[in-house]
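Have a look at work.txt; it's compact mmCIF, C-alpha atoms (C1' of nucleotides):
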```
# COMPACT_ATOMS: atom_id res chain seq x y z
CA MET A 252 -14.47 -9.64 28.57
CA ARG A 253 -17.33 -7.73 30.09
CA ALA A 254 -19.17 -4.94 28.36
CA THR A 255 -17.45 -1.63 28.66
CA LYS A 256 -18.97 1.08 30.83
CA ARG A 257 -19.87 2.95 27.68
CA GLU A 258 -21.82 0.03 26.25
CA GLU A 259 -23.51 -0.50 29.59
CA LEU A 260 -24.49 3.17 29.67
CA VAL A 261 -25.91 3.16 26.15
CA GLY A 262 -27.83 -0.03 26.76
CA LYS A 263 -29.41 1.17 29.99
CA ALA A 264 -30.06 4.63 28.60
CA LEU A 265 -31.87 3.00 25.69
CA LEU A 266 -34.21 1.22 28.09
CA ALA A 267 -34.90 4.44 29.96
CA PHE A 268 -35.55 6.46 26.81
CA TYR A 269 -37.85 3.75 25.51
CA ALA A 270 -39.75 3.49 28.74
CA HIS A 271 -40.23 7.20 29.42
CA GLY A 272 -39.50 9.13 26.23
CA PHE A 273 -36.53 11.28 25.24
CA HIS A 274 -37.48 14.72 26.48
CA ALA A 275 -39.15 13.29 29.56
CA THR A 276 -35.97 11.48 30.61
CA GLY A 277 -33.55 13.88 32.27
CA MET A 278 -29.88 13.25 32.83
CA ASP A 279 -30.38 13.03 36.58
CA ARG A 280 -32.94 10.32 36.04
CA LEU A 281 -30.44 8.47 33.86
CA VAL A 282 -27.95 8.63 36.72
CA VAL A 283 -30.45 6.84 38.94
CA GLU A 284 -31.66 4.31 36.36
CA THR A 285 -28.26 3.44 34.92
CA GLY A 286 -26.26 3.67 38.13
CA ILE A 287 -23.58 5.55 36.22
CA SER A 288 -22.35 8.95 37.37
CA LYS A 289 -23.18 12.01 35.36
CA THR A 290 -19.49 12.88 35.17
CA SER A 291 -18.84 9.60 33.49
CA MET A 292 -21.68 10.08 31.05
CA TYR A 293 -20.34 13.40 29.90
CA LYS A 294 -16.88 11.88 29.54
CA HIS A 295 -18.32 9.45 26.99
CA PHE A 296 -20.80 11.78 25.31
CA ARG A 297 -20.62 15.48 24.75
CA SER A 298 -24.33 16.01 25.08
CA LYS A 299 -27.61 14.30 25.78
CA ASP A 300 -28.38 14.31 22.08
CA ASP A 301 -25.19 12.38 21.38
CA LEU A 302 -26.21 9.79 23.95
CA ILE A 303 -29.66 9.55 22.41
CA LEU A 304 -28.08 9.07 19.02
CA ALA A 305 -25.91 6.24 20.32
CA ALA A 306 -28.91 4.62 21.98
CA ILE A 307 -30.89 4.78 18.75
CA GLN A 308 -28.01 3.33 16.78
CA LEU A 309 -27.84 0.46 19.25
CA ARG A 310 -31.55 -0.11 18.92
CA ASP A 311 -31.20 -0.06 15.14
CA THR A 312 -28.83 -3.02 15.05
CA GLN A 313 -30.59 -4.77 17.95
CA PHE A 314 -34.00 -4.58 16.35
CA ARG A 315 -32.94 -5.50 12.85
CA ASP A 316 -30.89 -8.42 14.09
CA TRP A 317 -33.80 -9.68 16.13
CA LEU A 318 -36.47 -9.16 13.48
CA PHE A 319 -34.55 -10.62 10.56
CA ARG A 320 -33.42 -13.60 12.61
CA ARG A 321 -36.96 -14.23 13.79
CA MET A 322 -38.34 -13.92 10.27
CA LYS A 323 -35.84 -16.50 9.10
CA ALA A 324 -36.64 -18.83 11.97
CA LEU A 325 -40.41 -18.63 11.50
CA GLY A 326 -40.45 -18.72 7.71
CA GLY A 327 -38.61 -20.79 5.13
CA THR A 328 -39.14 -19.29 1.71
CA PRO A 329 -38.81 -15.55 1.13
CA ARG A 330 -42.58 -15.33 0.88
CA GLU A 331 -42.99 -17.08 4.21
CA GLN A 332 -40.36 -14.85 5.77
CA LEU A 333 -42.23 -11.75 4.68
CA LEU A 334 -45.39 -13.03 6.30
CA ALA A 335 -43.51 -14.24 9.36
CA MET A 336 -42.51 -10.63 10.00
CA PHE A 337 -46.00 -10.02 11.32
CA ASP A 338 -45.84 -13.03 13.60
CA ALA A 339 -42.57 -11.73 14.99
CA LEU A 340 -44.08 -8.30 15.48
CA GLY A 341 -47.02 -9.92 17.21
CA GLU A 342 -44.67 -11.53 19.72
CA TRP A 343 -43.04 -8.18 20.36
CA CYS A 344 -46.33 -6.33 20.82
CA ASP A 345 -47.39 -8.88 23.44
CA GLU A 346 -44.28 -8.35 25.54
CA PRO A 347 -44.95 -6.50 28.80
CA GLY A 348 -42.64 -3.57 28.14
CA PHE A 349 -43.90 -2.92 24.61
CA ARG A 350 -44.22 0.81 23.96
CA GLY A 351 -44.32 1.08 20.20
CA CYS A 352 -41.55 1.90 17.79
CA LEU A 353 -38.63 3.85 19.23
CA PHE A 354 -37.78 5.33 15.85
CA VAL A 355 -41.27 6.70 15.36
CA LYS A 356 -41.02 8.25 18.81
CA ALA A 357 -37.60 9.67 17.99
CA ALA A 358 -38.82 11.16 14.73
CA SER A 359 -41.79 12.60 16.61
CA GLU A 360 -39.77 14.23 19.37
CA PHE A 361 -37.09 15.50 16.98
CA GLN A 362 -39.26 16.62 14.12
CA GLU A 363 -36.89 18.65 11.99
CA PRO A 364 -36.04 16.37 9.05
CA ASP A 365 -32.38 17.42 9.14
CA HIS A 366 -31.88 16.69 12.82
CA PRO A 367 -29.33 13.87 13.27
CA ILE A 368 -31.70 11.89 15.46
CA HIS A 369 -34.51 12.20 12.93
CA ILE A 370 -32.13 11.19 10.14
CA GLN A 371 -31.03 8.15 12.11
CA ALA A 372 -34.65 7.11 12.62
CA ALA A 373 -35.36 7.44 8.92
CA ALA A 374 -32.22 5.46 8.12
CA HIS A 375 -33.50 2.57 10.21
CA LYS A 376 -36.71 2.46 8.20
CA ALA A 377 -34.71 2.57 4.99
CA GLN A 378 -32.70 -0.43 6.16
CA LEU A 379 -35.88 -2.36 6.84
CA LEU A 380 -37.20 -1.40 3.43
CA GLY A 381 -34.03 -2.66 1.80
CA HIS A 382 -34.27 -6.05 3.46
CA LEU A 383 -37.96 -6.45 2.61
CA SER A 384 -37.20 -5.39 -0.94
CA GLU A 385 -34.56 -8.11 -1.29
CA LEU A 386 -36.95 -10.73 0.04
CA ALA A 387 -39.70 -9.50 -2.27
CA ALA A 388 -37.36 -9.82 -5.22
CA LEU A 389 -36.38 -13.33 -4.14
CA ALA A 390 -40.07 -14.16 -3.81
CA GLY A 391 -40.50 -13.24 -7.45
CA ALA A 392 -42.32 -9.94 -7.17
CA ALA A 393 -42.45 -7.96 -10.39
CA GLU A 394 -42.05 -4.72 -8.43
CA PRO A 395 -40.22 -5.69 -5.25
CA LYS A 396 -39.74 -2.13 -4.04
CA ALA A 397 -43.41 -1.32 -4.28
CA LEU A 398 -44.36 -4.52 -2.49
CA ALA A 399 -41.76 -3.93 0.19
CA ARG A 400 -43.08 -0.44 0.76
CA GLN A 401 -46.61 -1.72 1.16
CA LEU A 402 -45.53 -4.38 3.63
CA LEU A 403 -43.54 -1.81 5.57
CA ILE A 404 -46.59 0.46 5.69
CA LEU A 405 -48.58 -2.43 7.14
CA LYS A 406 -45.83 -3.03 9.69
CA GLU A 407 -45.74 0.61 10.81
CA GLY A 408 -49.49 0.80 10.96
CA ALA A 409 -49.78 -2.36 13.01
CA ILE A 410 -47.22 -1.19 15.55
CA VAL A 411 -48.78 2.24 15.90
CA THR A 412 -52.19 0.66 16.31
CA ALA A 413 -50.91 -1.76 18.91
CA GLN A 414 -49.29 1.09 20.84
CA VAL A 415 -51.96 3.78 20.66
CA GLU A 416 -55.05 1.63 20.95
CA GLY A 417 -53.50 -1.31 22.73
CA CYS A 418 -54.98 -3.40 19.93
CA ARG A 419 -53.91 -7.03 20.22
CA GLU A 420 -55.13 -8.10 16.78
CA ALA A 421 -53.30 -5.40 14.87
CA THR A 422 -50.39 -7.55 13.74
CA ALA A 423 -52.71 -10.42 12.84
CA GLN A 424 -54.89 -8.09 10.76
CA ALA A 425 -51.80 -6.71 9.09
CA LYS A 426 -50.68 -10.24 8.31
CA ALA A 427 -54.07 -11.05 6.81
CA ALA A 428 -53.79 -7.99 4.58
CA ALA A 429 -50.21 -8.87 3.67
CA THR A 430 -51.28 -12.37 2.70
CA ILE A 431 -53.81 -10.98 0.25
CA LEU A 432 -51.21 -8.63 -1.19
CA LEU A 433 -48.69 -11.41 -1.65
CA ASP A 434 -51.28 -13.73 -3.20
CA GLN A 435 -52.21 -11.02 -5.62
CA VAL A 436 -48.68 -10.05 -6.62
CA LEU A 437 -46.71 -13.28 -6.52
CA ALA A 438 -47.07 -16.19 -8.87
CA HIS A 439 -47.59 -19.31 -6.81
CA MET B 290 -70.04 36.60 17.64
CA ARG B 291 -66.31 36.07 17.33
CA ALA B 292 -64.45 33.14 18.77
CA THR B 293 -63.95 33.36 22.49
CA LYS B 294 -60.51 33.89 23.94
CA ARG B 295 -60.60 30.34 25.13
CA GLU B 296 -61.24 28.98 21.66
CA GLU B 297 -58.54 31.20 20.25
CA LEU B 298 -56.13 29.92 22.87
CA VAL B 299 -56.90 26.28 22.21
CA GLY B 300 -56.63 26.74 18.46
CA LYS B 301 -53.27 28.50 18.59
CA ALA B 302 -51.93 26.14 21.25
CA LEU B 303 -52.85 23.24 19.00
CA LEU B 304 -50.72 24.71 16.21
CA ALA B 305 -47.79 25.20 18.57
CA PHE B 306 -48.02 21.69 20.03
CA TYR B 307 -48.25 20.22 16.56
CA ALA B 308 -45.31 22.20 15.28
CA HIS B 309 -42.93 21.63 18.18
CA GLY B 310 -44.23 18.76 20.28
CA PHE B 311 -45.93 18.70 23.66
CA HIS B 312 -43.05 18.51 26.11
CA ALA B 313 -40.89 20.74 23.96
CA THR B 314 -43.50 23.52 24.01
CA GLY B 315 -43.33 25.44 27.27
CA MET B 316 -46.02 27.72 28.61
CA ASP B 317 -43.82 30.78 28.08
CA ARG B 318 -43.47 29.82 24.44
CA LEU B 319 -47.22 29.54 24.22
CA VAL B 320 -47.52 33.07 25.59
CA VAL B 321 -45.37 34.31 22.70
CA GLU B 322 -46.95 32.18 19.98
CA THR B 323 -50.57 32.66 21.03
CA GLY B 324 -50.29 36.25 22.19
CA ILE B 325 -52.35 35.34 25.24
CA SER B 326 -51.12 36.03 28.74
CA LYS B 327 -50.13 33.18 30.98
CA THR B 328 -52.51 34.44 33.65
CA SER B 329 -55.35 34.09 31.20
CA MET B 330 -54.30 30.61 30.21
CA TYR B 331 -54.35 29.39 33.77
CA LYS B 332 -57.74 31.00 34.27
CA HIS B 333 -59.13 28.81 31.49
CA PHE B 334 -57.14 25.67 32.23
CA ARG B 335 -55.87 24.34 35.52
CA SER B 336 -52.75 22.83 34.04
CA LYS B 337 -50.80 22.40 30.85
CA ASP B 338 -52.13 18.87 30.53
CA ASP B 339 -55.68 20.19 30.56
CA LEU B 340 -54.80 22.58 27.77
CA ILE B 341 -53.18 19.78 25.81
CA LEU B 342 -56.29 17.71 26.28
CA ALA B 343 -58.49 20.51 24.97
CA ALA B 344 -56.18 21.00 21.99
CA ILE B 345 -56.32 17.30 21.18
CA GLN B 346 -60.08 17.26 21.46
CA LEU B 347 -60.25 20.18 19.05
CA ARG B 348 -57.97 18.37 16.66
CA ASP B 349 -60.15 15.28 16.96
CA THR B 350 -63.26 17.00 15.65
CA GLN B 351 -61.26 19.12 13.18
CA PHE B 352 -59.52 16.18 11.62
CA ARG B 353 -62.50 13.87 11.45
CA ASP B 354 -64.68 16.60 9.99
CA TRP B 355 -62.09 17.34 7.35
CA LEU B 356 -61.27 13.74 6.49
CA PHE B 357 -64.85 12.47 6.29
CA ARG B 358 -65.95 15.49 4.29
CA ARG B 359 -63.05 15.07 1.90
CA MET B 360 -63.72 11.34 1.51
CA LYS B 361 -67.30 12.12 0.62
CA ALA B 362 -66.28 14.80 -1.84
CA LEU B 363 -63.69 12.65 -3.59
CA GLY B 364 -65.67 9.40 -3.64
CA GLY B 365 -69.27 8.54 -4.40
CA THR B 366 -69.96 5.00 -3.31
CA PRO B 367 -68.82 3.72 0.08
CA ARG B 368 -66.10 1.74 -1.68
CA GLU B 369 -64.89 4.86 -3.46
CA GLN B 370 -64.99 6.82 -0.23
CA LEU B 371 -62.79 4.27 1.49
CA LEU B 372 -60.22 4.54 -1.28
CA ALA B 373 -60.56 8.31 -1.41
CA MET B 374 -59.35 8.43 2.18
CA PHE B 375 -55.83 7.82 0.89
CA ASP B 376 -56.15 10.60 -1.66
CA ALA B 377 -57.21 12.95 1.10
CA LEU B 378 -54.30 11.82 3.26
CA GLY B 379 -52.00 12.38 0.32
CA GLU B 380 -53.15 15.99 0.08
CA TRP B 381 -52.51 16.44 3.77
CA CYS B 382 -49.03 14.89 3.64
CA ASP B 383 -48.07 17.28 0.86
CA GLU B 384 -49.00 20.34 2.87
CA PRO B 385 -46.01 22.40 4.03
CA GLY B 386 -46.69 22.14 7.75
CA PHE B 387 -47.31 18.39 7.75
CA ARG B 388 -45.73 16.76 10.78
CA GLY B 389 -47.45 13.42 11.04
CA CYS B 390 -50.35 12.39 13.23
CA LEU B 391 -50.86 14.47 16.38
CA PHE B 392 -52.53 11.57 18.15
CA VAL B 393 -49.62 9.25 17.54
CA LYS B 394 -47.34 11.93 18.91
CA ALA B 395 -49.60 12.40 21.91
CA ALA B 396 -49.71 8.70 22.63
CA SER B 397 -45.93 8.63 22.29
CA GLU B 398 -45.25 11.48 24.69
CA PHE B 399 -47.86 10.31 27.20
CA GLN B 400 -47.24 6.60 27.10
CA GLU B 401 -49.15 5.33 30.09
CA PRO B 402 -52.31 3.76 28.67
CA ASP B 403 -54.48 5.23 31.43
CA HIS B 404 -53.25 8.79 30.98
CA PRO B 405 -56.17 11.03 29.88
CA ILE B 406 -54.21 12.33 26.91
CA HIS B 407 -53.33 8.82 25.79
CA ILE B 408 -56.94 7.77 26.22
CA GLN B 409 -58.11 10.71 24.13
CA ALA B 410 -55.67 9.78 21.36
CA ALA B 411 -56.92 6.19 21.38
CA ALA B 412 -60.51 7.43 21.32
CA HIS B 413 -59.81 9.36 18.13
CA LYS B 414 -58.57 6.21 16.43
CA ALA B 415 -61.62 4.34 17.62
CA GLN B 416 -63.84 7.01 16.07
CA LEU B 417 -62.05 6.63 12.77
CA LEU B 418 -62.41 2.87 12.97
CA GLY B 419 -66.12 3.22 13.58
CA HIS B 420 -66.63 5.37 10.51
CA LEU B 421 -64.56 3.10 8.28
CA SER B 422 -66.48 0.15 9.65
CA GLU B 423 -69.80 1.72 8.68
CA LEU B 424 -68.55 2.42 5.18
CA ALA B 425 -67.18 -1.11 4.86
CA ALA B 426 -70.56 -2.50 5.87
CA LEU B 427 -72.30 -0.26 3.34
CA ALA B 428 -69.81 -1.42 0.72
CA GLY B 429 -70.95 -4.96 1.36
CA ALA B 430 -68.01 -6.38 3.25
CA ALA B 431 -68.65 -9.69 4.97
CA GLU B 432 -66.49 -8.65 7.89
CA PRO B 433 -66.64 -4.85 7.94
CA LYS B 434 -64.75 -4.48 11.21
CA ALA B 435 -61.82 -6.54 10.02
CA LEU B 436 -61.66 -4.64 6.74
CA ALA B 437 -61.90 -1.31 8.54
CA ARG B 438 -59.08 -2.30 10.83
CA GLN B 439 -56.88 -3.23 7.91
CA LEU B 440 -57.59 0.04 6.13
CA LEU B 441 -56.87 1.95 9.31
CA ILE B 442 -53.57 0.12 9.68
CA LEU B 443 -52.69 1.18 6.14
CA LYS B 444 -53.64 4.75 6.99
CA GLU B 445 -51.49 4.85 10.12
CA GLY B 446 -48.59 3.23 8.35
CA ALA B 447 -48.75 5.65 5.44
CA ILE B 448 -48.77 8.70 7.72
CA VAL B 449 -45.90 7.43 9.85
CA THR B 450 -43.92 6.63 6.72
CA ALA B 451 -44.60 10.04 5.25
CA GLN B 452 -43.52 11.70 8.46
CA VAL B 453 -40.43 9.68 9.41
CA GLU B 454 -39.01 9.07 5.96
CA GLY B 455 -40.55 12.04 4.20
CA CYS B 456 -41.85 9.47 1.73
CA ARG B 457 -44.13 11.11 -0.83
CA GLU B 458 -45.49 7.90 -2.30
CA ALA B 459 -46.60 6.40 0.99
CA THR B 460 -50.27 7.29 0.68
CA ALA B 461 -50.36 6.19 -2.96
CA GLN B 462 -48.79 2.85 -2.04
CA ALA B 463 -51.26 2.46 0.78
CA LYS B 464 -54.08 3.18 -1.65
CA ALA B 465 -52.75 0.57 -4.08
CA ALA B 466 -52.71 -1.97 -1.26
CA ALA B 467 -56.18 -0.92 -0.15
CA THR B 468 -57.48 -1.35 -3.68
CA ILE B 469 -56.28 -4.94 -3.76
CA LEU B 470 -57.84 -5.58 -0.35
CA LEU B 471 -61.19 -4.15 -1.42
CA ASP B 472 -61.15 -6.06 -4.71
CA GLN B 473 -60.49 -9.24 -2.82
CA VAL B 474 -63.12 -8.75 -0.14
CA LEU B 475 -65.97 -6.97 -1.87
CA ALA B 476 -68.25 -8.45 -4.47
CA HIS B 477 -68.23 -6.18 -7.49
C1' DG C 211 -71.47 55.56 31.34
C1' DC C 212 -70.72 52.52 34.96
C1' DA C 213 -69.88 48.28 37.30
C1' DA C 214 -68.49 43.54 36.66
C1' DA C 215 -65.85 40.41 34.24
C1' DA C 216 -61.97 39.29 31.65
C1' DA C 217 -57.37 39.89 30.29
C1' DT C 218 -52.83 41.77 30.97
C1' DG C 219 -47.71 42.19 32.38
C1' DA C 220 -44.26 41.40 35.33
C1' DA C 221 -42.32 39.51 39.05
C1' DC C 222 -41.78 35.46 41.59
C1' DA C 223 -41.64 30.49 43.57
C1' DG C 224 -39.69 25.91 43.69
C1' DA C 225 -38.33 22.36 40.87
C1' DT C 226 -35.89 20.55 37.15
C1' DC C 227 -33.32 21.07 32.91
C1' DG C 228 -28.54 20.12 30.46
C1' DG C 229 -23.98 20.60 31.55
C1' DT C 230 -19.50 21.67 34.41
C1' DA C 231 -15.81 21.76 38.18
C1' DC C 232 -13.22 19.45 41.35
C1' DA C 233 -11.47 16.53 44.67
C1' DC C 234 -11.59 11.73 45.58
C1' DT C 235 -11.68 6.54 44.84
C1' DT C 236 -11.60 2.55 42.15
C1' DT C 237 -9.73 -0.13 38.47
C1' DG C 238 -6.54 -2.13 35.19
C1' DT C 239 -1.71 -2.76 33.63
C1' DC C 240 3.14 -3.38 33.48
C1' DG D 211 3.16 -2.13 44.15
C1' DA D 212 3.15 2.04 41.50
C1' DC D 213 1.09 4.84 38.07
C1' DA D 214 -2.32 6.17 34.84
C1' DA D 215 -6.87 5.77 33.36
C1' DA D 216 -11.47 5.58 34.41
C1' DG D 217 -15.27 6.31 37.42
C1' DT D 218 -17.54 8.58 41.48
C1' DG D 219 -20.13 12.07 44.45
C1' DT D 220 -21.37 16.50 45.29
C1' DA D 221 -22.01 20.93 44.68
C1' DC D 222 -22.90 24.19 41.49
C1' DC D 223 -24.11 27.14 37.04
C1' DG D 224 -27.58 29.60 34.29
C1' DA D 225 -31.59 28.55 31.91
C1' DT D 226 -36.04 26.82 31.69
C1' DC D 227 -39.97 24.36 33.55
C1' DT D 228 -45.03 24.63 35.46
C1' DG D 229 -47.71 27.36 38.11
C1' DT D 230 -48.95 31.63 41.26
C1' DT D 231 -49.62 36.38 42.90
C1' DC D 232 -51.19 40.91 42.35
C1' DA D 233 -51.98 45.37 40.80
C1' DT D 234 -53.48 47.38 36.52
C1' DT D 235 -55.91 47.75 32.14
C1' DT D 236 -59.23 46.37 28.81
C1' DT D 237 -63.51 44.63 27.47
C1' DT D 238 -68.30 43.60 28.08
C1' DG D 239 -73.31 43.91 29.43
C1' DC D 240 -76.97 46.62 31.04
```
Write the structure described by the file as structure tokens, please.
Amino acid sequence: MRATKREELVGKALLAFYAHGFHATGMDRLVVETGISKTSMYKHFRSKDDLILAAIQLRDTQFRDWLFRRMKALGGTPREQLLAMFDALGEWCDEPGFRGCLFVKAASEFQEPDHPIHIQAAAHKAQLLGHLSELAALAGAAEPKALARQLLILKEGAIVTAQVEGCREATAQAKAAATILLDQVLAH
Amino acid sequence: MRATKREELVGKALLAFYAHGFHATGMDRLVVETGISKTSMYKHFRSKDDLILAAIQLRDTQFRDWLFRRMKALGGTPREQLLAMFDALGEWCDEPGFRGCLFVKAASEFQEPDHPIHIQAAAHKAQLLGHLSELAALAGAAEPKALARQLLILKEGAIVTAQVEGCREATAQAKAAATILLDQVLAH
DNA sequence: GCAAAAATGAACAGATCGGTACACTTTGTC
DNA sequence: GACAAAGTGTACCGATCTGTTCATTTTTGC
């Protein structure tokens, strides 16, 4: 069966929000870019914020599925998977439509820490941290959470650098740093 | 002589943009928060974007002055100064009004790479990179630019993490990672 | 103290914002 | 094929957006 109108709306809205920003994307623009009537939008979502929240939730599963799958495909051992994260990120940064991390943008445009959209963005990062932490433990790190946090900091920094400066070597530099960290922390 | 009205405007506008975001801060709100009439604003700046640009330029010098001064105060040798950057960032992140990096926000809200505001944000990062690169060279790094880039990635990642997740240990974790990097790269 | 410059307040323009009302058409199902 | 559900188009609401106009008041320099 085909995707429901609601799923189609959320998917297309996600693209529009990512391409232009949340506040900068008005509902009338969404009508044009999604091809779905405003009436229909407000039948599925009470407010723009609710639609944004759904779009971010979609992106959360989309991105984690993609990243974790790619890490597994590019790396065998847990250690290799952790390093492969930066290769995967490098592929993403080189894509034409790359605009940085949607969750960082969301947390920036909805700054209040108790705003649902901000909370959702933070939850995504926590999910990433959890996965990295598991891999770090499997890799034999004495303090997997600390290592995972450091790798996640490198990931965020690389993406921000790629977005703001358009720096093409950011993910490679982050990987080089991560390699040193892993060599230092892991017995091998 | 006291600060000119223009400087007062830019300074207060900077605070408002930082606290609420660029698109979310309307000119009428600026009138209230700065106490300066709209007529006067548009006599000093042709458009809101021009005002934003001036605010970002002010922040550029403000932030670099503060950070470099603090690095120098907290660290003696170039190596110590590089590590002290994360202590300084930690102080900043713990401040009540901390909302993350204004330049990352600016680059997020004005995504087009050729937009003047985006360019200004990127220029700020380039300035930081230059300073770190000089320090890395003084510290005796074989590849100062690569090391500087890695440290800058850690810095960006730590700030994003502190902002999005409200993570208090981000700068300390970044410093721990930076310490390992410096130990690995620098003869000592 | 006087003239020029700077700043003010308030009203206004035209566009766009998020969101709603309503009559109509398409779609899916039994 | 009928009926209900879902989707559409358009016009509209009040609020807000950036930016302007203009007459008045405040500040400044000489």
Write out, as JSON lines, each residue of chain B that has an atom at most 12 Å from chain C, together with the closest pair of atoms and their distance in Å to one decimal, counting all atoms listed in the file, rows going by chain and rising number.
```
{"residue": "B:Thr293", "atom": "CA", "partner": "C:DA216", "partner_atom": "C1'", "distance": 11.1}
{"residue": "B:Lys294", "atom": "CA", "partner": "C:DA217", "partner_atom": "C1'", "distance": 9.3}
{"residue": "B:Arg295", "atom": "CA", "partner": "C:DA216", "partner_atom": "C1'", "distance": 11.2}
{"residue": "B:Ala313", "atom": "CA", "partner": "C:DC227", "partner_atom": "C1'", "distance": 11.7}
{"residue": "B:Val320", "atom": "CA", "partner": "C:DG219", "partner_atom": "C1'", "distance": 11.4}
{"residue": "B:Gly324", "atom": "CA", "partner": "C:DT218", "partner_atom": "C1'", "distance": 10.7}
{"residue": "B:Ile325", "atom": "CA", "partner": "C:DA217", "partner_atom": "C1'", "distance": 8.5}
{"residue": "B:Ser326", "atom": "CA", "partner": "C:DT218", "partner_atom": "C1'", "distance": 6.4}
{"residue": "B:Lys327", "atom": "CA", "partner": "C:DT218", "partner_atom": "C1'", "distance": 9.0}
{"residue": "B:Thr328", "atom": "CA", "partner": "C:DT218", "partner_atom": "C1'", "distance": 7.8}
{"residue": "B:Ser329", "atom": "CA", "partner": "C:DA217", "partner_atom": "C1'", "distance": 6.2}
{"residue": "B:Met330", "atom": "CA", "partner": "C:DA217", "partner_atom": "C1'", "distance": 9.8}
{"residue": "B:Tyr331", "atom": "CA", "partner": "C:DA217", "partner_atom": "C1'", "distance": 11.5}
{"residue": "B:Lys332", "atom": "CA", "partner": "C:DA216", "partner_atom": "C1'", "distance": 9.7}
{"residue": "B:His333", "atom": "CA", "partner": "C:DA216", "partner_atom": "C1'", "distance": 10.9}
```
- prompt: Interatomic distance between atom CA of A:Thr285 and atom CA of A:Gly348?
  reply: 17.4 Å
Give me, as JSON lines, each residue of chain B that comes within 7 Å of chain A, together with its shortest interatomic pair and the distance in Å at one decimal, counting all atoms listed in the file, with rows ordered by chain and rising residue number.
```
{"residue": "B:Gly310", "atom": "CA", "partner": "A:Glu360", "partner_atom": "CA", "distance": 6.4}
{"residue": "B:His312", "atom": "CA", "partner": "A:His274", "partner_atom": "CA", "distance": 6.7}
{"residue": "B:Val393", "atom": "CA", "partner": "A:Val415", "partner_atom": "CA", "distance": 6.7}
{"residue": "B:Lys394", "atom": "CA", "partner": "A:Ser359", "partner_atom": "CA", "distance": 6.0}
{"residue": "B:Ala396", "atom": "CA", "partner": "A:Val415", "partner_atom": "CA", "distance": 5.8}
{"residue": "B:Ser397", "atom": "CA", "partner": "A:Lys356", "partner_atom": "CA", "distance": 6.0}
{"residue": "B:Glu398", "atom": "CA", "partner": "A:Gly272", "partner_atom": "CA", "distance": 6.4}
{"residue": "B:Ala411", "atom": "CA", "partner": "A:Glu416", "partner_atom": "CA", "distance": 4.9}
{"residue": "B:Gln439", "atom": "CA", "partner": "A:Gln424", "partner_atom": "CA", "distance": 6.0}
{"residue": "B:Ile442", "atom": "CA", "partner": "A:Gly408", "partner_atom": "CA", "distance": 4.3}
{"residue": "B:Leu443", "atom": "CA", "partner": "A:Leu405", "partner_atom": "CA", "distance": 5.6}
{"residue": "B:Lys444", "atom": "CA", "partner": "A:Gly408", "partner_atom": "CA", "distance": 7.0}
{"residue": "B:Glu445", "atom": "CA", "partner": "A:Gly408", "partner_atom": "CA", "distance": 4.6}
{"residue": "B:Gly446", "atom": "CA", "partner": "A:Gly408", "partner_atom": "CA", "distance": 3.7}
{"residue": "B:Ala447", "atom": "CA", "partner": "A:Ile404", "partner_atom": "CA", "distance": 5.6}
{"residue": "B:Val449", "atom": "CA", "partner": "A:Glu407", "partner_atom": "CA", "distance": 6.9}
{"residue": "B:Thr450", "atom": "CA", "partner": "A:Ile404", "partner_atom": "CA", "distance": 6.8}
{"residue": "B:Val453", "atom": "CA", "partner": "A:Ala373", "partner_atom": "CA", "distance": 5.6}
{"residue": "B:Glu454", "atom": "CA", "partner": "A:Ala373", "partner_atom": "CA", "distance": 5.0}
{"residue": "B:Gln462", "atom": "CA", "partner": "A:Gln401", "partner_atom": "CA", "distance": 6.0}
{"residue": "B:Ala463", "atom": "CA", "partner": "A:Gln401", "partner_atom": "CA", "distance": 6.3}
{"residue": "B:Ala466", "atom": "CA", "partner": "A:Gln401", "partner_atom": "CA", "distance": 6.6}
{"residue": "B:Ile469", "atom": "CA", "partner": "A:Leu432", "partner_atom": "CA", "distance": 6.8}
{"residue": "B:Leu470", "atom": "CA", "partner": "A:Ile431", "partner_atom": "CA", "distance": 6.8}
```
Residues of chain D that approach chain B to 12 Å or less, counting all atoms listed in the file: could you list each one with the shortest pair of atoms and its distance in Å to one decimal, rows by chain and increasing residue number, as JSON lines?
```
{"residue": "D:DT226", "atom": "C1'", "partner": "B:Gly315", "partner_atom": "CA", "distance": 8.6}
{"residue": "D:DC227", "atom": "C1'", "partner": "B:Gly315", "partner_atom": "CA", "distance": 7.2}
{"residue": "D:DT228", "atom": "C1'", "partner": "B:Met316", "partner_atom": "CA", "distance": 7.6}
{"residue": "D:DG229", "atom": "C1'", "partner": "B:Ser336", "partner_atom": "CA", "distance": 7.9}
{"residue": "D:DT230", "atom": "C1'", "partner": "B:Thr328", "partner_atom": "CA", "distance": 8.9}
{"residue": "D:DT231", "atom": "C1'", "partner": "B:Thr328", "partner_atom": "CA", "distance": 9.9}
{"residue": "D:DC232", "atom": "C1'", "partner": "B:Thr328", "partner_atom": "CA", "distance": 10.9}
{"residue": "D:DT237", "atom": "C1'", "partner": "B:Lys294", "partner_atom": "CA", "distance": 11.7}
```
message: Could you tell me how far atom CA of A:Cys344 sits from atom CA of A:Leu325, in Å to one decimal place?
response: 16.5 Å
- request: One decimal, Å: what's the distance from atom CA of A:Gly262 over to atom CA of A:Phe296, could you say?
  value: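 Spanning atom CA of A:Gly262 to atom CA of A:Phe296 is a straight-line distance of 13.8 Å.
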task: Fewer than 6 positions away in the same chain doesn't count, so skip those; otherwise give me all residues within 10 Å of A:Phe314, counting all atoms listed in the file, as an NGL selection string.
output: :A and (308 or 320 or 375 or 379)
